[in-house]
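input_19.csv (CSV, C-alpha atoms) appears below.
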chain,number,residue,atom,x,y,z
A,1,MET,CA,117.2,150.4,149.5
A,2,GLN,CA,115.6,153.8,149.8
A,3,ALA,CA,113.1,154.6,152.5
A,4,ARG,CA,110.2,156.6,151.2
A,5,THR,CA,106.7,157.6,152.1
A,6,PRO,CA,104.0,158.6,149.6
A,7,THR,CA,105.0,161.9,147.9
A,8,PRO,CA,102.8,164.9,147.0
A,9,ALA,CA,101.0,164.9,143.7
A,10,ASP,CA,102.7,166.7,140.8
A,11,ASP,CA,100.4,169.8,140.9
A,12,SER,CA,102.2,173.1,140.8
A,13,SER,CA,99.3,174.9,142.5
A,14,ALA,CA,99.6,172.5,145.5
A,15,GLU,CA,103.3,173.1,146.2
A,16,PRO,CA,103.9,174.6,149.6
A,17,ALA,CA,105.9,177.8,149.9
A,18,ARG,CA,109.7,177.5,149.5
A,19,VAL,CA,111.8,178.5,152.5
A,20,GLY,CA,115.4,179.6,152.7
A,21,ARG,CA,118.1,178.4,155.1
A,22,ALA,CA,117.4,181.0,157.8
A,23,GLU,CA,113.7,180.1,157.8
A,24,ALA,CA,114.4,176.4,157.9
A,25,ALA,CA,116.7,177.0,160.9
A,26,ARG,CA,114.0,179.0,162.6
A,27,TRP,CA,111.5,176.1,162.3
A,28,SER,CA,113.8,173.2,163.1
A,29,GLY,CA,113.1,173.1,166.9
A,30,ALA,CA,109.5,173.9,166.4
A,31,LEU,CA,109.1,170.9,164.0
A,32,ASP,CA,110.9,168.6,166.5
A,33,LEU,CA,108.3,169.6,169.0
A,34,LEU,CA,105.3,169.2,166.6
A,35,ARG,CA,106.5,165.8,165.6
A,36,LEU,CA,106.9,164.8,169.2
A,37,VAL,CA,103.3,165.9,170.0
A,38,ARG,CA,102.1,164.0,167.0
A,39,ALA,CA,103.9,160.8,168.1
A,40,ARG,CA,103.0,161.3,171.8
A,41,PRO,CA,99.9,163.4,172.3
A,42,GLY,CA,99.7,164.8,175.8
A,43,VAL,CA,103.5,164.7,176.3
A,44,THR,CA,104.5,167.2,179.0
A,45,ARG,CA,106.6,170.2,178.2
A,46,ALA,CA,109.2,169.0,180.7
A,47,GLU,CA,109.3,165.6,178.9
A,48,ALA,CA,109.6,167.3,175.6
A,49,ALA,CA,112.6,169.4,176.7
A,50,ARG,CA,114.4,166.2,177.8
A,51,GLU,CA,113.5,164.4,174.5
A,52,MET,CA,114.7,167.3,172.4
A,53,HIS,CA,117.8,167.9,174.6
A,54,VAL,CA,117.0,171.5,175.2
A,55,GLY,CA,116.6,173.6,178.3
A,56,SER,CA,113.2,174.3,179.9
A,57,GLY,CA,113.4,177.9,178.8
A,58,THR,CA,113.9,176.9,175.2
A,59,ALA,CA,111.0,174.5,175.3
A,60,THR,CA,108.8,177.1,176.9
A,61,GLU,CA,109.8,179.6,174.1
A,62,ILE,CA,109.1,177.1,171.3
A,63,SER,CA,105.8,176.1,172.9
A,64,ALA,CA,104.7,179.8,173.2
A,65,ARG,CA,105.6,180.4,169.5
A,66,LEU,CA,103.6,177.4,168.4
A,67,ARG,CA,100.6,178.4,170.5
A,68,ALA,CA,100.6,181.8,168.9
A,69,LEU,CA,100.5,180.2,165.5
A,70,ASP,CA,97.5,177.9,166.4
A,71,LEU,CA,99.7,174.8,166.1
A,72,ILE,CA,99.6,173.4,169.6
A,73,ALA,CA,97.6,173.9,172.7
A,74,GLU,CA,98.7,173.5,176.3
A,75,ALA,CA,96.9,172.3,179.4
A,76,PRO,CA,98.0,172.1,183.0
A,77,ALA,CA,99.7,168.7,183.7
A,78,PRO,CA,98.5,166.8,186.8
A,79,PRO,CA,100.7,167.6,189.8
A,80,THR,CA,103.3,164.9,190.4
A,81,GLY,CA,104.9,166.2,193.6
A,82,ARG,CA,107.6,168.7,194.2
A,83,GLY,CA,109.1,170.7,191.4
A,84,ARG,CA,107.8,173.4,189.0
A,85,PRO,CA,104.4,172.8,187.4
A,86,THR,CA,104.4,171.9,183.7
A,87,THR,CA,101.9,171.5,180.9
A,88,THR,CA,100.7,168.8,178.5
A,89,LEU,CA,100.9,169.5,174.8
A,90,HIS,CA,98.1,168.8,172.3
A,91,ALA,CA,96.7,169.6,168.9
A,92,HIS,CA,95.4,173.1,168.7
A,93,PRO,CA,91.6,173.2,168.3
A,94,GLU,CA,92.0,175.7,165.4
A,95,GLY,CA,95.1,174.1,164.0
A,96,PRO,CA,95.9,172.6,160.6
A,97,LEU,CA,94.2,169.4,159.5
A,98,ALA,CA,94.5,166.7,156.9
A,99,ALA,CA,91.8,165.1,154.7
A,100,VAL,CA,92.4,161.3,154.4
A,101,VAL,CA,90.7,158.8,152.1
A,102,ASP,CA,90.5,155.0,152.3
A,103,LEU,CA,89.5,153.6,148.9
A,104,ARG,CA,88.5,149.9,149.3
A,105,PHE,CA,87.1,147.0,147.3
A,106,ALA,CA,83.5,147.8,147.8
A,107,ASP,CA,83.4,151.2,149.5
A,108,TRP,CA,85.4,154.3,150.6
A,109,VAL,CA,85.9,156.4,153.8
A,110,VAL,CA,86.8,160.1,153.9
A,111,ALA,CA,87.9,161.7,157.2
A,112,ILE,CA,89.6,164.7,158.7
A,113,ALA,CA,92.6,164.0,160.9
A,114,ASP,CA,94.2,166.4,163.4
A,115,LEU,CA,97.8,166.6,164.6
A,116,GLU,CA,97.2,163.9,167.2
A,117,GLY,CA,96.0,161.4,164.6
A,118,THR,CA,92.4,161.6,165.7
A,119,LEU,CA,89.8,161.3,163.0
A,120,VAL,CA,87.6,164.2,163.9
A,121,ASP,CA,85.0,163.9,161.1
A,122,THR,CA,84.1,160.9,158.9
A,123,THR,CA,81.8,160.1,156.0
A,124,THR,CA,81.5,156.8,154.1
A,125,GLY,CA,80.0,155.6,150.8
A,126,ARG,CA,79.6,152.5,148.7
A,127,HIS,CA,80.7,152.2,145.1
A,128,ALA,CA,77.6,152.8,143.0
A,129,SER,CA,79.8,151.8,140.1
A,130,LYS,CA,83.3,150.5,139.7
A,131,ARG,CA,84.0,153.1,137.0
A,132,PRO,CA,86.9,155.2,138.4
A,133,GLU,CA,85.4,158.5,137.2
A,134,ARG,CA,82.3,157.8,139.2
A,135,VAL,CA,84.1,156.6,142.3
A,136,PHE,CA,86.4,159.6,142.4
A,137,ALA,CA,83.6,162.0,141.7
A,138,ASP,CA,81.9,160.7,144.8
A,139,ILE,CA,85.1,160.9,146.8
A,140,ARG,CA,86.0,164.4,145.5
A,141,ALA,CA,82.6,165.6,146.6
A,142,ALA,CA,83.0,164.2,150.0
A,143,VAL,CA,86.5,165.6,150.5
A,144,GLY,CA,85.3,169.0,149.4
A,145,GLU,CA,82.2,169.0,151.7
A,146,LEU,CA,84.3,168.0,154.7
A,147,ALA,CA,87.1,170.4,154.0
A,148,GLY,CA,84.6,173.2,153.5
A,149,ARG,CA,83.6,172.9,157.2
A,150,TYR,CA,87.1,173.9,158.4
A,151,ASP,CA,87.7,177.3,156.7
A,152,GLY,CA,91.0,176.6,154.9
A,153,ARG,CA,92.5,174.5,157.7
A,154,VAL,CA,92.9,171.4,155.6
A,155,ARG,CA,96.6,171.5,154.5
A,156,ALA,CA,97.1,168.1,152.8
A,157,VAL,CA,95.1,165.3,151.2
A,158,SER,CA,96.3,161.7,151.4
A,159,ILE,CA,94.7,158.6,149.7
A,160,SER,CA,95.0,155.0,150.6
A,161,ALA,CA,94.1,152.8,147.6
A,162,THR,CA,93.6,149.1,147.1
A,163,GLY,CA,96.0,148.7,144.2
A,164,THR,CA,99.6,149.0,143.1
A,165,VAL,CA,100.7,152.7,143.3
A,166,ARG,CA,103.5,154.1,141.3
A,167,ARG,CA,104.3,157.8,141.9
A,168,HIS,CA,100.9,159.5,141.5
A,169,ALA,CA,99.0,156.8,139.7
A,170,ILE,CA,97.2,153.5,140.5
A,171,VAL,CA,99.0,151.5,137.9
A,172,GLN,CA,97.0,148.3,138.6
A,173,SER,CA,94.1,147.3,140.9
A,174,SER,CA,93.1,143.8,140.2
A,175,VAL,CA,90.2,143.9,142.6
A,176,LEU,CA,88.7,147.0,141.1
A,177,GLY,CA,89.7,146.2,137.5
A,178,TRP,CA,91.7,149.5,137.0
A,179,ARG,CA,95.0,150.2,135.2
A,180,ASP,CA,97.1,153.3,134.7
A,181,LEU,CA,94.8,155.6,136.5
A,182,GLU,CA,96.3,159.1,137.2
A,183,ILE,CA,94.7,160.6,140.3
A,184,GLU,CA,93.8,164.3,139.9
A,185,PRO,CA,93.9,166.6,143.0
A,186,LEU,CA,90.8,166.0,145.2
A,187,LEU,CA,91.2,169.5,146.7
A,188,PRO,CA,92.7,172.0,144.3
A,189,GLY,CA,95.7,173.9,145.7
A,190,VAL,CA,96.4,171.5,148.5
A,191,PRO,CA,99.3,169.0,148.4
A,192,GLN,CA,98.2,165.4,147.8
A,193,ALA,CA,99.8,162.0,148.5
A,194,LEU,CA,98.8,158.6,147.2
A,195,GLY,CA,99.8,155.3,148.7
A,196,ASN,CA,98.9,151.6,148.6
A,197,ASP,CA,96.6,150.5,151.4
A,198,ALA,CA,98.8,147.8,152.8
A,199,THR,CA,101.8,150.1,152.7
A,200,LEU,CA,100.0,152.8,154.6
A,201,ALA,CA,98.5,150.3,157.1
A,202,GLY,CA,102.0,149.0,157.8
A,203,LEU,CA,103.3,152.6,158.2
A,204,ALA,CA,100.7,153.3,160.8
A,205,GLU,CA,101.2,150.1,162.7
A,206,ALA,CA,104.9,150.5,162.8
A,207,ARG,CA,104.9,154.1,163.9
A,208,ARG,CA,102.0,153.9,166.4
A,209,SER,CA,102.5,150.4,167.8
A,210,HIS,CA,106.2,149.7,167.3
A,211,PRO,CA,108.0,153.1,167.1
A,212,GLY,CA,111.6,152.9,166.1
A,213,ARG,CA,111.5,149.2,165.2
A,214,SER,CA,111.9,147.4,162.0
A,215,VAL,CA,108.5,145.9,161.1
A,216,LEU,CA,107.3,143.5,158.4
A,217,TYR,CA,103.6,144.1,158.0
A,218,LEU,CA,101.4,141.6,156.1
A,219,THR,CA,97.6,141.9,155.6
A,220,ILE,CA,95.0,139.7,153.9
A,221,GLU,CA,91.9,141.2,152.5
A,222,VAL,CA,91.4,140.3,148.8
A,223,GLY,CA,94.9,139.0,148.2
A,224,ILE,CA,97.8,139.7,150.5
A,225,GLY,CA,99.8,142.9,150.7
A,226,GLY,CA,102.3,144.5,153.0
A,227,ILE,CA,105.4,146.6,153.5
A,228,PHE,CA,108.7,146.6,155.4
A,229,VAL,CA,109.0,149.7,157.7
A,230,ASP,CA,112.4,150.5,159.0
A,231,GLU,CA,112.5,152.9,161.9
A,232,GLY,CA,109.3,154.7,160.8
A,233,HIS,CA,110.1,154.8,157.1
A,234,ALA,CA,108.2,152.6,154.6
A,235,VAL,CA,110.6,151.0,152.1
A,236,THR,CA,108.7,151.5,148.8
A,237,GLY,CA,111.5,151.6,146.2
A,238,ALA,CA,112.4,154.1,143.5
A,239,THR,CA,108.8,154.9,142.3
A,240,GLY,CA,106.7,153.9,145.3
A,241,ALA,CA,105.6,150.6,143.9
A,242,GLY,CA,107.7,148.5,146.3
A,243,GLY,CA,106.3,146.2,148.9
A,244,GLU,CA,104.1,144.2,146.5
A,245,PHE,CA,104.7,141.0,148.5
A,246,GLY,CA,101.5,139.5,147.2
A,247,HIS,CA,103.1,139.2,143.7
A,248,ALA,CA,106.1,137.2,144.8
A,249,PRO,CA,105.9,133.7,143.2
A,250,LEU,CA,105.1,131.9,146.5
A,251,GLY,CA,101.9,130.2,145.2
A,252,ASP,CA,101.1,127.4,142.7
A,253,PRO,CA,103.0,128.3,139.5
A,254,ALA,CA,100.1,127.0,137.4
A,255,VAL,CA,97.6,129.5,138.9
A,256,PRO,CA,97.2,132.8,137.0
A,257,CYS,CA,96.9,136.1,138.9
A,258,PRO,CA,94.9,139.1,137.6
A,259,CYS,CA,98.2,141.0,137.7
A,260,GLY,CA,99.4,139.0,134.7
A,261,ALA,CA,101.9,136.7,136.5
A,262,TYR,CA,101.5,133.1,137.5
A,263,GLY,CA,101.9,131.6,141.0
A,264,CYS,CA,101.4,134.8,143.0
A,265,TRP,CA,101.2,134.6,146.7
A,266,ASP,CA,98.2,137.0,146.3
A,267,VAL,CA,95.9,134.3,145.0
A,268,ALA,CA,97.2,131.5,147.3
A,269,VAL,CA,96.1,132.7,150.7
A,270,ASP,CA,92.7,134.5,150.5
A,271,GLY,CA,89.1,133.6,149.9
A,272,ARG,CA,89.8,132.9,146.2
A,273,ALA,CA,92.4,130.3,147.1
A,274,VAL,CA,90.0,128.6,149.6
A,275,ALA,CA,87.3,128.4,147.0
A,276,ARG,CA,89.7,127.0,144.4
A,277,LEU,CA,91.0,124.4,146.7
A,278,ARG,CA,87.4,123.3,147.4
A,279,GLY,CA,86.6,123.0,143.7
A,280,GLN,CA,84.3,126.0,143.8
A,281,ASP,CA,84.0,129.1,141.6
A,282,GLU,CA,85.7,132.3,142.6
A,283,PRO,CA,83.5,134.1,145.1
A,284,GLU,CA,82.1,137.5,144.3
A,285,ASP,CA,83.3,138.8,147.6
A,286,PRO,CA,86.5,136.9,148.5
A,287,ARG,CA,86.9,138.6,151.9
A,288,ALA,CA,83.4,137.6,153.1
A,289,TYR,CA,83.9,134.1,151.7
A,290,LEU,CA,87.1,133.7,153.7
A,291,ILE,CA,85.5,134.9,156.9
A,292,GLU,CA,82.8,132.2,156.5
A,293,ALA,CA,85.3,129.5,155.5
A,294,LEU,CA,87.4,130.0,158.7
A,295,VAL,CA,84.5,128.6,160.8
A,296,ASP,CA,83.2,126.0,158.3
A,297,ALA,CA,84.3,122.5,159.1
A,298,ASP,CA,83.9,121.5,155.4
A,299,ALA,CA,86.6,124.1,154.5
A,300,ARG,CA,89.1,123.0,157.0
A,301,ALA,CA,91.6,121.4,154.7
A,302,ALA,CA,91.6,124.4,152.3
A,303,VAL,CA,92.0,126.8,155.2
A,304,GLU,CA,94.9,124.8,156.6
A,305,GLU,CA,96.7,124.8,153.2
A,306,CYS,CA,96.3,128.6,153.0
A,307,SER,CA,97.6,129.0,156.5
A,308,ARG,CA,100.6,126.8,155.5
A,309,VAL,CA,101.3,129.0,152.5
A,310,LEU,CA,101.0,132.1,154.6
A,311,GLY,CA,103.6,130.7,157.1
A,312,ARG,CA,106.0,129.6,154.4
A,313,GLY,CA,105.9,133.0,152.6
A,314,THR,CA,106.3,134.9,155.9
A,315,ALA,CA,109.4,132.9,156.7
A,316,GLY,CA,110.9,133.8,153.3
A,317,LEU,CA,110.3,137.5,153.8
A,318,VAL,CA,111.8,137.3,157.3
A,319,ASN,CA,114.9,135.7,155.8
A,320,ILE,CA,115.2,138.5,153.2
A,321,LEU,CA,114.3,141.5,155.3
A,322,ASP,CA,115.4,140.7,158.8
A,323,PRO,CA,112.6,142.4,160.7
A,324,GLU,CA,112.4,142.7,164.5
A,325,ILE,CA,108.6,142.1,164.4
A,326,VAL,CA,106.1,140.6,162.0
A,327,CYS,CA,102.7,142.3,162.3
A,328,LEU,CA,99.6,140.6,160.7
A,329,GLY,CA,96.7,142.7,159.7
A,330,GLY,CA,93.3,142.3,158.0
A,331,LEU,CA,92.2,138.6,158.0
A,332,ALA,CA,95.8,137.2,158.4
A,333,PRO,CA,95.5,136.9,162.2
A,334,GLU,CA,92.2,135.0,161.9
A,335,LEU,CA,93.7,132.7,159.2
A,336,ARG,CA,96.7,132.0,161.4
A,337,ARG,CA,94.5,131.4,164.5
A,338,ALA,CA,92.1,129.1,162.6
A,339,ALA,CA,95.0,126.9,161.5
A,340,ALA,CA,97.8,127.6,164.0
A,341,GLU,CA,99.8,124.4,163.6
A,342,PRO,CA,100.1,124.5,159.8
A,343,PHE,CA,101.3,128.1,160.0
A,344,ALA,CA,103.8,127.5,162.8
A,345,THR,CA,105.2,124.4,161.1
A,346,ALA,CA,105.7,126.1,157.8
A,347,PHE,CA,107.0,129.2,159.3
A,348,GLY,CA,109.6,127.4,161.4
A,349,ALA,CA,110.7,125.1,158.5
A,350,GLY,CA,111.1,128.1,156.2
A,351,LEU,CA,113.4,130.1,158.5
A,352,MET,CA,117.1,129.9,158.0
A,353,GLY,CA,118.6,127.8,160.7
A,354,PHE,CA,120.3,130.6,162.7
A,355,ARG,CA,116.9,132.4,163.0
A,356,ARG,CA,115.0,129.5,164.6
A,357,ASP,CA,116.5,130.1,168.1
A,358,ASP,CA,115.4,133.7,168.1
A,359,PRO,CA,112.7,134.3,165.4
A,360,PRO,CA,110.9,137.7,165.2
A,361,ARG,CA,107.7,138.0,167.1
A,362,VAL,CA,104.6,137.4,165.0
A,363,GLU,CA,101.8,139.7,166.4
A,364,PRO,CA,98.3,140.7,165.3
A,365,SER,CA,97.6,144.2,164.2
A,366,VAL,CA,96.6,146.7,167.0
A,367,LEU,CA,94.9,149.2,164.7
A,368,GLY,CA,92.6,146.8,163.0
A,369,PRO,CA,90.5,148.0,160.0
A,370,ASP,CA,91.4,151.7,160.6
A,371,ALA,CA,95.1,151.0,159.8
A,372,PRO,CA,95.0,152.2,156.2
A,373,ILE,CA,93.3,155.5,156.8
A,374,LEU,CA,95.5,156.2,159.9
A,375,GLY,CA,98.5,155.5,157.6
A,376,ALA,CA,97.1,158.0,155.1
A,377,ALA,CA,97.0,160.5,158.0
A,378,GLU,CA,100.7,159.7,158.7
A,379,ALA,CA,101.6,160.4,155.1
A,380,ALA,CA,99.6,163.6,155.1
A,381,TRP,CA,101.2,164.9,158.2
A,382,ASP,CA,104.6,164.1,156.8
A,383,MET,CA,103.8,166.7,154.2
A,384,ILE,CA,102.4,169.3,156.6
A,385,LEU,CA,105.2,169.0,159.2
A,386,THR,CA,108.0,170.4,157.1
A,387,GLU,CA,109.6,173.9,157.0
A,388,ALA,CA,107.7,174.7,153.8
A,389,GLY,CA,104.4,173.2,155.1
A,390,ILE,CA,104.5,175.2,158.4
A,391,ALA,CA,105.6,178.4,156.6
A,392,ALA,CA,102.6,178.0,154.2
A,393,TRP,CA,100.3,177.5,157.1
A,394,THR,CA,101.6,180.7,158.8
A,395,GLU,CA,101.4,182.7,155.6
A,396,GLN,CA,97.8,181.5,154.9
A,397,ARG,CA,96.6,181.9,158.4
A,398,PHE,CA,98.2,185.1,159.7
A,399,GLU,CA,99.5,187.3,156.9

Any chance you could give the structure as structure tokens?
Amino acid sequence: MQARTPTPADDSSAEPARVGRAEAARWSGALDLLRLVRARPGVTRAEAAREMHVGSGTATEISARLRALDLIAEAPAPPTGRGRPTTTLHAHPEGPLAAVVDLRFADWVVAIADLEGTLVDTTTGRHASKRPERVFADIRAAVGELAGRYDGRVRAVSISATGTVRRHAIVQSSVLGWRDLEIEPLLPGVPQALGNDATLAGLAEARRSHPGRSVLYLTIEVGIGGIFVDEGHAVTGATGAGGEFGHAPLGDPAVPCPCGAYGCWDVAVDGRAVARLRGQDEPEDPRAYLIEALVDADARAAVEECSRVLGRGTAGLVNILDPEIVCLGGLAPELRRAAAEPFATAFGAGLMGFRRDDPPRVEPSVLGPDAPILGAAEAAWDMILTEAGIAAWTEQRFE
């Protein structure tokens, strides 16, 4: 399998400057340090030297170069006893930024993210209409307004979308009723990435909460989605559409899914499934319906069945992917908690025999509802923290 993260949109005006071998070599140590500061904000310069396997003089020289380019800032580290004083490394207050978007079932969030992953500016809006041209007109205006506050410092745009993403298009969003929607640049001249919301949420959870581990991420909102992240890389296949776990045939084969298939896991574990099992019409807001059902005694049997299906499907993916950790996001932890015994029984029964003695840990999400937009920030900074991305920043900022 191929490890991929969302790729820049195919817009020639957005391509960063190309760099040659000499320029790439010049930036290699600097990029290592920038990526370390991104992963561990506040790391000391002494710790960075050890992590990068370079001498203190080399670390000092790289830090000075990055300070001069407004890429990092340094602050005195608290004294720790004897030895030379060191500094802590942080995002530069005038450094590059990313614009990030979380496009959801009923609303959207647009924010600005700095090197440390902090969302420094945020605006939100609800869909006045589900027509994609109206939705993206509102989002484009919000991105432009926020980016305009930062005088050319926004160097990438990244979108988390509730739908199946293939290359640079939302090929299907059953919850929004969209198909084959090409996403035009939200900020002309700036590289842009597009990713599925569950994929990006899993990327953020894996990198921030379980760095260096192999993580199976599953989340329930309207349907179930997820991704397998191996050592910080989301495995999304040849075109970026991988990880559509919700459309594995793990549900009732007689039940149609809006995707066009039958028996999808997507419609077997969420609020739609609970309503169907109770003999009720599909709810207008499946997420809100599931939240209410989890504490409704009359919905107990339906909730238990959904938790059982969640456990069985999770076991199947563990058998296939062999993760170290299973991370549950969205409403999945609440569903498991509301019907813990059916989940545990189905999960255990579904595991291959050799796995039962040492199954992977099943843990709730740490990042919560911010996971998709933080994952969008991860994808954006993957574009910025390249030889070409930093060269483009330098050229735009200082030449």

Residues of range 196-276 of chain A that approach range 37-51 of chain A to 12 Å or less, counting all atoms listed in the file: could you list each one with the shortest pair of atoms and its distance in Å to one decimal, rows by chain and increasing residue number, as JSON lines?
{"residue": "A:Ala204", "atom": "CA", "partner": "A:Ala39", "partner_atom": "CA", "distance": 10.9}
{"residue": "A:Ala206", "atom": "CA", "partner": "A:Ala39", "partner_atom": "CA", "distance": 11.6}
{"residue": "A:Arg207", "atom": "CA", "partner": "A:Ala39", "partner_atom": "CA", "distance": 8.0}
{"residue": "A:Arg208", "atom": "CA", "partner": "A:Ala39", "partner_atom": "CA", "distance": 7.4}
{"residue": "A:Ser209", "atom": "CA", "partner": "A:Ala39", "partner_atom": "CA", "distance": 10.5}
{"residue": "A:His210", "atom": "CA", "partner": "A:Ala39", "partner_atom": "CA", "distance": 11.4}
{"residue": "A:Pro211", "atom": "CA", "partner": "A:Ala39", "partner_atom": "CA", "distance": 8.8}
{"residue": "A:Gly212", "atom": "CA", "partner": "A:Ala39", "partner_atom": "CA", "distance": 11.2}
{"residue": "A:Gly232", "atom": "CA", "partner": "A:Ala39", "partner_atom": "CA", "distance": 10.9}

Please identify all polymer residues lying at most 10 Å from the point (92.7, 124.5, 154.7) (file coordinates), using all atoms listed in the file, and present the result as a PyMOL selection string. chain A and resi 269+273-274+277-278+293-294+297-309+335+338-339+342

Could you dump the residues just selected with C-alpha atoms as an mmCIF file, in the coordinates of the input?
data_model
loop_
_atom_site.group_PDB
_atom_site.id
_atom_site.type_symbol
_atom_site.label_atom_id
_atom_site.label_comp_id
_atom_site.auth_asym_id
_atom_site.auth_seq_id
_atom_site.Cartn_x
_atom_site.Cartn_y
_atom_site.Cartn_z
ATOM 1 C CA VAL A 269 96.100 132.700 150.700
ATOM 2 C CA ALA A 273 92.400 130.300 147.100
ATOM 3 C CA VAL A 274 90.000 128.600 149.600
ATOM 4 C CA LEU A 277 91.000 124.400 146.700
ATOM 5 C CA ARG A 278 87.400 123.300 147.400
ATOM 6 C CA ALA A 293 85.300 129.500 155.500
ATOM 7 C CA LEU A 294 87.400 130.000 158.700
ATOM 8 C CA ALA A 297 84.300 122.500 159.100
ATOM 9 C CA ASP A 298 83.900 121.500 155.400
ATOM 10 C CA ALA A 299 86.600 124.100 154.500
ATOM 11 C CA ARG A 300 89.100 123.000 157.000
ATOM 12 C CA ALA A 301 91.600 121.400 154.700
ATOM 13 C CA ALA A 302 91.600 124.400 152.300
ATOM 14 C CA VAL A 303 92.000 126.800 155.200
ATOM 15 C CA GLU A 304 94.900 124.800 156.600
ATOM 16 C CA GLU A 305 96.700 124.800 153.200
ATOM 17 C CA CYS A 306 96.300 128.600 153.000
ATOM 18 C CA SER A 307 97.600 129.000 156.500
ATOM 19 C CA ARG A 308 100.600 126.800 155.500
ATOM 20 C CA VAL A 309 101.300 129.000 152.500
ATOM 21 C CA LEU A 335 93.700 132.700 159.200
ATOM 22 C CA ALA A 338 92.100 129.100 162.600
ATOM 23 C CA ALA A 339 95.000 126.900 161.500
ATOM 24 C CA PRO A 342 100.100 124.500 159.800
#

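Interatomic distance, CA of Ala254 in chain A against CA of Gly223 in chain A: 17.0 Å.
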
Would you mind telling me which residue in A:Leu71, A:Leu181, A:Cys259, A:Met383 lies nearest to His168 in chain A when using all atoms listed in the file? A:Leu181

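For the choices A:Gly242, A:Gly329, A:Pro76, A:Gly29, the atom-to-atom distance to Thr58 in chain A is smallest for A:Gly29 when using all atoms listed in the file.
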
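CA of Leu374 in chain A sits 15.2 Å away from CA of Thr124 in chain A.
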
For Glu133 in chain A, find every residue with an atom within 12 Å (counting only C-alpha atoms), except residues of its own chain fewer than 6 positions away, and show them as a VMD selection string. chain A and resid 127 139 to 140 178 181 to 184

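Nearest to Phe228 in chain A of all the residues A:Gly189, A:Pro323, A:Gly389, A:Gly263 is A:Pro323, counting only C-alpha atoms.
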
Given all atoms listed in the file as the counted atoms, nearest of A:Gly313, A:Pro258, A:Pro249, A:Gly202 to Thr236 in chain A: A:Gly202

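Compared by their closest atoms to Arg179 in chain A, and using only C-alpha atoms, the residues A:Thr199, A:Gly279, A:Arg131, A:Thr386 rank with A:Arg131 nearest.
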